Amino acid sequence: EEIRMNKVVLIGRLTRDPEIRYSNQQDGTQMAIARYSLAVDRKGKDSGTDFISCVAFNKHGEFAEKYLRKGMKIGIIGRIQTGSYTKQDGQKVYTTDVIVEDHEFCEKKADSELESAPDDFVQVPEDAVNDLPFK
């Protein structure tokens, strides 16, 4: 049997607040879609910064809308998805996104503008516990 894997782990800073939109589903519900990019530093001879396009759906999208802000350092786990579309002028555009499967806060208390709890953990508001995409 052939083994296949598409898994990405990134740690970086949000370059902007997530852009949120809601898509109507066939069952009448709405799905949150959050788009943002992460600035991820490269180390070594090829040092620099990569700007990675990320998309979070459903509860992960709602979480991004509520708690993620420009400049925050987060970790994500996801998968790479490629696609393409044709612009109105006929030009074909190719896309590469990371589809977010998990978010994690990666900031020490001193680096965060958020209220922090002891031991350098970022405090998550009590009403967010049920919304967390990770437990």
# chains A, B, ... in the order shown; residues from 1 in each chain; ligands from 1
$ residues_around --residues "region 93-103 of chain A" --least-positions-apart "6" --cutoff "10 Å" --atoms "only C-alpha atoms" --output "count of residues only"
38
$ select_by_dssp --residues "region 24-84 of chain A" --states "alpha helix (DSSP H)" --output "JSON, numbers by chain"
{"A": [58, 59, 60, 61, 62, 63, 64, 65, 66, 67]}
$ residues_around --residues "Ala32 (chain A)" --least-positions-apart "6" --cutoff "7 Å" --atoms "only C-alpha atoms" --output "number ranges by chain"
A: 20-23, 57-58, 61-62
$ residues_around --residues "region 48-50 of chain A" --least-positions-apart "5" --cutoff "8 Å" --atoms "only C-alpha atoms" --output "JSON, numbers by chain"
{"A": [38, 39, 40, 41, 42, 43]}
$ residues_around --residues "Lys73 (chain A)" --least-positions-apart "2" --cutoff "9 Å" --atoms "only C-alpha atoms" --output "ChimeraX atom specification"
/A:11-14,38,70-71,75,104-107,112
$ write_last_selection --atoms "N, CA, C and O atoms" --output "PDB file, in the first residue's frame"
ATOM      1  N   ILE A  11       5.272  28.012  12.582  1.00  0.00           N
ATOM      2  CA  ILE A  11       5.187  28.994  13.656  1.00  0.00           C
ATOM      3  C   ILE A  11       5.583  30.322  13.036  1.00  0.00           C
ATOM      4  O   ILE A  11       6.622  30.445  12.399  1.00  0.00           O
ATOM      5  N   GLY A  12       4.719  31.319  13.219  1.00  0.00           N
ATOM      6  CA  GLY A  12       5.001  32.631  12.658  1.00  0.00           C
ATOM      7  C   GLY A  12       4.082  33.680  13.243  1.00  0.00           C
ATOM      8  O   GLY A  12       3.299  33.410  14.151  1.00  0.00           O
ATOM      9  N   ARG A  13       4.186  34.882  12.703  1.00  0.00           N
ATOM     10  CA  ARG A  13       3.356  36.001  13.161  1.00  0.00           C
ATOM     11  C   ARG A  13       2.343  36.368  12.090  1.00  0.00           C
ATOM     12  O   ARG A  13       2.663  36.381  10.896  1.00  0.00           O
ATOM     13  N   LEU A  14       1.124  36.676  12.535  1.00  0.00           N
ATOM     14  CA  LEU A  14       0.095  37.108  11.594  1.00  0.00           C
ATOM     15  C   LEU A  14       0.486  38.452  10.997  1.00  0.00           C
ATOM     16  O   LEU A  14       0.844  39.378  11.719  1.00  0.00           O
ATOM     17  N   LEU A  38       0.821  34.144   7.479  1.00  0.00           N
ATOM     18  CA  LEU A  38       1.832  34.064   8.527  1.00  0.00           C
ATOM     19  C   LEU A  38       3.181  34.429   7.936  1.00  0.00           C
ATOM     20  O   LEU A  38       3.536  33.953   6.863  1.00  0.00           O
ATOM     21  N   LYS A  70      -3.378  40.712  14.153  1.00  0.00           N
ATOM     22  CA  LYS A  70      -2.108  41.058  13.519  1.00  0.00           C
ATOM     23  C   LYS A  70      -0.994  41.115  14.566  1.00  0.00           C
ATOM     24  O   LYS A  70      -1.177  41.678  15.645  1.00  0.00           O
ATOM     25  N   GLY A  71       0.145  40.513  14.240  1.00  0.00           N
ATOM     26  CA  GLY A  71       1.315  40.551  15.103  1.00  0.00           C
ATOM     27  C   GLY A  71       1.423  39.395  16.076  1.00  0.00           C
ATOM     28  O   GLY A  71       2.496  39.150  16.621  1.00  0.00           O
ATOM     29  N   GLY A  75       1.212  29.027  16.278  1.00  0.00           N
ATOM     30  CA  GLY A  75       1.622  27.823  15.585  1.00  0.00           C
ATOM     31  C   GLY A  75       0.393  27.218  14.945  1.00  0.00           C
ATOM     32  O   GLY A  75      -0.706  27.302  15.494  1.00  0.00           O
ATOM     33  N   GLU A 104      -2.416  27.172  17.692  1.00  0.00           N
ATOM     34  CA  GLU A 104      -1.845  27.178  19.035  1.00  0.00           C
ATOM     35  C   GLU A 104      -1.187  28.535  19.276  1.00  0.00           C
ATOM     36  O   GLU A 104      -0.530  29.076  18.395  1.00  0.00           O
ATOM     37  N   PHE A 105      -1.397  29.089  20.473  1.00  0.00           N
ATOM     38  CA  PHE A 105      -0.727  30.340  20.834  1.00  0.00           C
ATOM     39  C   PHE A 105       0.726  30.035  21.147  1.00  0.00           C
ATOM     40  O   PHE A 105       1.025  29.048  21.820  1.00  0.00           O
ATOM     41  N   CYS A 106       1.649  30.890  20.703  1.00  0.00           N
ATOM     42  CA  CYS A 106       3.089  30.649  20.893  1.00  0.00           C
ATOM     43  C   CYS A 106       3.796  31.875  21.464  1.00  0.00           C
ATOM     44  O   CYS A 106       4.912  32.169  21.066  1.00  0.00           O
ATOM     45  N   GLU A 107       3.148  32.589  22.359  1.00  0.00           N
ATOM     46  CA  GLU A 107       3.746  33.807  22.875  1.00  0.00           C
ATOM     47  C   GLU A 107       4.006  33.734  24.354  1.00  0.00           C
ATOM     48  O   GLU A 107       3.183  33.247  25.105  1.00  0.00           O
ATOM     49  N   SER A 112       3.423  39.446  24.610  1.00  0.00           N
ATOM     50  CA  SER A 112       2.025  39.556  24.223  1.00  0.00           C
ATOM     51  C   SER A 112       1.396  40.839  24.734  1.00  0.00           C
ATOM     52  O   SER A 112       1.705  41.310  25.809  1.00  0.00           O
TER      53      SER A 112
END
$ atom_distance --atom1 "CA of Met5 (chain A)" --atom2 "CA of Asp46 (chain A)"
25.5 Å
$ atom_distance --atom1 "CA of Tyr67 (chain A)" --atom2 "CA of Phe51 (chain A)"
20.3 Å
$ atom_distance --atom1 "CA of Glu65 (chain A)" --atom2 "CA of Thr29 (chain A)"
17.6 Å
$ select_by_dssp --residues "region 11-53 of chain A" --states "strand (DSSP E or B)" --output "PyMOL selection string"
chain A and resi 11-14+19-24+30-42+48-53
